[in-house]
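Q: I have a structure I would like to understand better, so I am pasting it below and will then ask my questions one at a time.
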Amino acid sequence: MVTEYGIKFTVNLINNHFGNLVAKVCENLLRRGPLTLQLIVRYTELTPQQVKNSLLILIQHNCVQAFSYEQDGGLEDGPKSNTQYMALFNNILHRMRFSKFLEIMSREFDDKCKELLEGLLQHGRLTLKQMVERAKDLAERAKSRKKEGICENLVQESLVKLFTARYVERCPASEPVLAARNKEDTPAKKRGPKSARTAEESQTLEQRVLAAAAPMEAQRFSAITNNESAVGRETSMDDSPGMRVGAKRKYDASELHIEPAAEEEVILWRANFEEFIRCLRHKACIENVRERLDDGAATVLRAMLEATRSLENKVKTEKSVPLSLNNIFEEVMKSEEGRGMTLDLVRASLVQLGCSPSARGTDESYKIDLKKIIELAQNDEVESIVLKRYGRDAYRMFRLLSKNGRLVETDKIANTTFVEKKDAPKILYKLWKDEYLHMEKLVVAGARQSQFLLWKVNKPCLWKHVLDEMFHAALNLSQRVAYEREKEKEFLNLPVDKQVMSQEERLNRLKSVRIVLESSLLKLDDALMLFHDFEESSLLKLDDAIMLSHDL
């Protein structure tokens, strides 16, 4: 779900990381949708070389995906395609979560794996050879005397661990080609299954492009061929031109008029953001259950999610994979806190989690409604905002309307929540004015005409409004963090005679303020993910015809 302040915040991230020229290109892509190189030059008023360099930076750091959209060019010419560039909002947003990704890596793997991931996050995309070179540089700085062959082996072992756990993946195709949607295709689509038609029609252009660019699942997380005995001989298991990363270099060069790279085929690797977001989603669900229920229910949920994580088809899965009671109990026993639980306690925790057993052969199987847990967490987040901002009376009225999910008259709200009837309309009006409530007027005609005000919580609209407010707050915090950093630099450049307090004392004070701001931003990001990354977006699909209208 992309909002106005969401765009401003992501542009600010790009500006902080890569400068204002790259941010200008990125903002135009976010606001206007996919554009050709010529249109980007026109809209940004930058030179072609500046735009090319900016696009290369954004592609390198997985913030932009190139693609072609086939168009009929006439009988003589045949189909034509113009390369377009699409900004990937989610990937840009993930840049603020790198510290969280590294924290996950620290918990699950050793320092070598963490260093490898850190390099991928820092540089966007790397070959195995580049990873080895980076590892050698780190070893030299640490004055380590590891032999070259040992360093290569350590990098390869770490890489194998990471793509086995799906934290690292092969880069997608450089420029997938989408078939044009013609009117002639419509009757054929109608003859297909209804579910297939619905799934296809509900896909956004971005989803279609990413699906076309993604390697096959087996190739995406496949091992390095020939054990990579010589790093310079990196080979791909895929021989198709569209999926070669070596071909990616040639496509980028042809479109951006840059000299082609070496002809040898190279495998590029990058961090798999989806898997990290899946881990953070699971963590949010577990912590919400711990807060609402108890430690036992959280332990059972964690055990089920860890057992079935590799079987989940998508990040925003609604229900967990079914598990038998015996398998759940075995998984619970693997954790230290779960060893004190009996089979009856596990069954009771499953009841707490709202699981009802279903027949699966001779065993009972259970699955968790993750979507419901996320929705409850979203409700709690919005209710806490209302409580802090508008007070307890407003909180009670908002909670009543949120649970009812229908229109309720003013007096009935006041009576049910024990709020003074003279105060209720004022509070409700303030909530409506700030877009937290939906209001409708009901006029009853009769001997004496009467007017009633009805109120309800429109969750899809409210969730989008709350998300935009969160992006706004994140933007303010990010700008304040940048301001504090500038103050630190300015203080260091001041002459000693003009410093009011000691340099060490002043720097410690500035750093403590910056740390508080940065931790607040990370905490706010937890709420951002709850509304943006953990649940399916309800955004309407952009019309493909509008996207094509940008073509020359």
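To be explicit about the labels: the chains of the structure tokens are called A, B, and onward in the order shown, and within each one the residues are counted from 1, while ligands get numbers from 1 in the order they are shown.
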Name the residues in contact with Val382 in chain A at a cut-off of 9 Å, using only C-alpha atoms, excluding same-chain residues fewer than 5 positions from it; report them as an NGL selection string.

A: :A and (377 or 387 or 463 or 466)

Q: List the spatial neighbours of range 448-458 of chain A as a ChimeraX atom specification - criterion: any atom at most 10 Å away, only C-alpha atoms, same-chain residues fewer than 3 positions off excluded.

A: /A:398-413,425,428-429,432,435-445,461-463

Q: Dump C-alpha atoms for the selected residues as a PDB file, in the first residue's frame?

A:
```pdb
ATOM      1  CA  PHE A 398     -13.730   3.547  19.016  1.00  0.00           C
ATOM      2  CA  ARG A 399     -13.276   0.022  20.368  1.00  0.00           C
ATOM      3  CA  LEU A 400     -17.041  -0.518  20.396  1.00  0.00           C
ATOM      4  CA  LEU A 401     -17.411   0.596  16.780  1.00  0.00           C
ATOM      5  CA  SER A 402     -14.368  -1.425  15.706  1.00  0.00           C
ATOM      6  CA  LYS A 403     -15.814  -4.620  17.171  1.00  0.00           C
ATOM      7  CA  ASN A 404     -19.347  -3.992  15.840  1.00  0.00           C
ATOM      8  CA  GLY A 405     -18.249  -3.330  12.282  1.00  0.00           C
ATOM      9  CA  ARG A 406     -21.538  -1.577  11.440  1.00  0.00           C
ATOM     10  CA  LEU A 407     -23.216   1.815  11.753  1.00  0.00           C
ATOM     11  CA  VAL A 408     -24.214   2.772  15.307  1.00  0.00           C
ATOM     12  CA  GLU A 409     -26.261   5.794  16.423  1.00  0.00           C
ATOM     13  CA  THR A 410     -24.692   8.442  18.677  1.00  0.00           C
ATOM     14  CA  ASP A 411     -26.920   7.938  21.746  1.00  0.00           C
ATOM     15  CA  LYS A 412     -26.492   4.173  21.624  1.00  0.00           C
ATOM     16  CA  ILE A 413     -22.708   4.608  21.572  1.00  0.00           C
ATOM     17  CA  PRO A 425     -20.913  13.945  19.761  1.00  0.00           C
ATOM     18  CA  LEU A 428     -17.029  11.312  17.708  1.00  0.00           C
ATOM     19  CA  TYR A 429     -16.853  14.417  15.538  1.00  0.00           C
ATOM     20  CA  TRP A 432     -14.367  11.703  12.192  1.00  0.00           C
ATOM     21  CA  GLU A 435     -10.412  10.370   9.513  1.00  0.00           C
ATOM     22  CA  TYR A 436     -10.634   7.695  12.201  1.00  0.00           C
ATOM     23  CA  LEU A 437     -14.410   7.236  11.811  1.00  0.00           C
ATOM     24  CA  HIS A 438     -16.947   7.115   8.996  1.00  0.00           C
ATOM     25  CA  MET A 439     -20.158   9.127   9.479  1.00  0.00           C
ATOM     26  CA  GLU A 440     -23.551   8.958   7.800  1.00  0.00           C
ATOM     27  CA  LYS A 441     -26.600  11.146   8.345  1.00  0.00           C
ATOM     28  CA  LEU A 442     -30.032   9.551   8.578  1.00  0.00           C
ATOM     29  CA  VAL A 443     -33.055  11.809   8.125  1.00  0.00           C
ATOM     30  CA  VAL A 444     -36.418  10.430   9.301  1.00  0.00           C
ATOM     31  CA  ALA A 445     -39.426  12.202   7.779  1.00  0.00           C
ATOM     32  CA  CYS A 461      -9.695   3.360   4.639  1.00  0.00           C
ATOM     33  CA  LEU A 462      -8.578   3.813   8.239  1.00  0.00           C
ATOM     34  CA  TRP A 463      -5.654   1.391   7.880  1.00  0.00           C
TER      35      TRP A 463
END
```

Q: Can you check which parts of range 19-72 of chain A lie within 10 Å of range 270-289 of chain A? Per residue, the shortest pair of atoms and distance in Å to one decimal, counting only C-alpha atoms, sorted by chain and number, as a tab-separated table.

A:
```
residue	atom	partner	partner_atom	distance
A:Gln60	CA	A:Arg270	CA	9.7
A:His61	CA	A:Arg270	CA	8.9
A:Asn62	CA	A:Arg270	CA	8.5
```

Q: May I ask which of the residues A:Arg134, A:Lys100, A:Arg95, A:Lys161 is the closest one to Cys113 in chain A, counting only C-alpha atoms?

A: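 Smallest distance to Cys113 in chain A is found for A:Lys161.
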
Q: Using only C-alpha atoms, which protein or nucleic acid residues come within 7 Å of range 479-496 of chain A? Drop anything in the same chain fewer than 4 positions from it, and give the result as a PyMOL selection string.

A: chain A and resi 475+507+510+514+517-518

Q: Quick one, how far is CA of Phe418 in chain A from CA of Asp434 in chain A?

A: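 Atom-to-atom, CA of Phe418 in chain A to CA of Asp434 in chain A, that is 22.8 Å.
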
Q: Residues within 7 Å of Leu35 in chain A, please, as a list in words. Count only C-alpha atoms; anything in the same chain fewer than 4 positions from it doesn't count.

A: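 In the requested format, the answer is Leu29, Leu39, Ile40, Gln84, Tyr85, Met86 and His550 of chain A.
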
Q: What's the 8 Å shell around Met131 in chain A, counting only C-alpha atoms, without same-chain residues fewer than 6 positions away, as a PDB file with N, CA, C and O atoms, in the first residue's frame?

A:
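Output (out-v9.pdb):
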```pdb
ATOM      1  N   LEU A 116      29.126 -12.038   5.240  1.00  0.00           N
ATOM      2  CA  LEU A 116      28.745 -12.222   3.839  1.00  0.00           C
ATOM      3  C   LEU A 116      27.446 -11.473   3.535  1.00  0.00           C
ATOM      4  O   LEU A 116      27.329 -10.776   2.532  1.00  0.00           O
ATOM      5  N   GLY A 119      27.911  -7.745   3.356  1.00  0.00           N
ATOM      6  CA  GLY A 119      28.439  -7.317   2.067  1.00  0.00           C
ATOM      7  C   GLY A 119      27.363  -7.224   1.003  1.00  0.00           C
ATOM      8  O   GLY A 119      27.337  -6.284   0.204  1.00  0.00           O
ATOM      9  N   VAL A 155      33.967 -18.728   2.332  1.00  0.00           N
ATOM     10  CA  VAL A 155      32.926 -17.940   1.681  1.00  0.00           C
ATOM     11  C   VAL A 155      31.903 -18.859   1.029  1.00  0.00           C
ATOM     12  O   VAL A 155      30.693 -18.653   1.144  1.00  0.00           O
TER      13      VAL A 155
END
```

Q: Write out as a PDB file with N, CA and C atoms, in the first residue's frame the residues lying within 8 Å of Leu88 in chain A, counting only C-alpha atoms and excluding same-chain residues fewer than 3 positions away.

A:
```pdb
ATOM      1  N   ASN A  62      18.925  -3.206  -6.158  1.00  0.00           N
ATOM      2  CA  ASN A  62      17.625  -3.886  -6.202  1.00  0.00           C
ATOM      3  C   ASN A  62      16.445  -2.961  -5.940  1.00  0.00           C
ATOM      4  N   CYS A  63      16.597  -1.693  -6.274  1.00  0.00           N
ATOM      5  CA  CYS A  63      15.530  -0.710  -6.081  1.00  0.00           C
ATOM      6  C   CYS A  63      14.740  -0.455  -7.363  1.00  0.00           C
ATOM      7  N   VAL A  64      15.238  -0.907  -8.482  1.00  0.00           N
ATOM      8  CA  VAL A  64      14.571  -0.721  -9.775  1.00  0.00           C
ATOM      9  C   VAL A  64      14.677  -2.014 -10.569  1.00  0.00           C
ATOM     10  N   GLN A  65      13.608  -2.365 -11.280  1.00  0.00           N
ATOM     11  CA  GLN A  65      13.602  -3.523 -12.172  1.00  0.00           C
ATOM     12  C   GLN A  65      13.284  -3.059 -13.583  1.00  0.00           C
ATOM     13  N   ASN A  91      11.339  -2.873  -1.823  1.00  0.00           N
ATOM     14  CA  ASN A  91      12.785  -3.065  -1.691  1.00  0.00           C
ATOM     15  C   ASN A  91      13.482  -1.814  -1.175  1.00  0.00           C
ATOM     16  N   ILE A  92      12.989  -0.651  -1.589  1.00  0.00           N
ATOM     17  CA  ILE A  92      13.563   0.607  -1.075  1.00  0.00           C
ATOM     18  C   ILE A  92      13.282   0.723   0.421  1.00  0.00           C
ATOM     19  N   GLU A 206       3.439  -4.665 -11.279  1.00  0.00           N
ATOM     20  CA  GLU A 206       4.677  -4.972 -10.557  1.00  0.00           C
ATOM     21  C   GLU A 206       4.779  -6.467 -10.259  1.00  0.00           C
TER      22      GLU A 206
END
```

Q: CA of Ala424 in chain A and CA of Asp393 in chain A, how far apart in Å?

A: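 Atom-to-atom, CA of Asp393 in chain A and CA of Ala424 in chain A are spaced 8.4 Å apart.
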
Q: Report the distance between CA of Ile59 in chain A and CA of Phe109 in chain A in Å, rounded to one decimal place.

A: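 If I compute the distance from CA of Ile59 in chain A to CA of Phe109 in chain A, I get 28.3 Å.
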
Q: From the options A:Ser324, A:Thr417, A:Ser310, A:Asn379, which residue's atoms come nearest to Tyr167 in chain A, counting only C-alpha atoms?

A: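 That would be A:Ser310, the residue with the smallest distance to Tyr167 in chain A.
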
Q: Which is closer to Asp525 in chain A than all the others in A:Lys433, A:Arg97, A:Lys367, A:Lys52, using only C-alpha atoms?

A: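 For Asp525 in chain A, the nearest of the given residues is A:Arg97.
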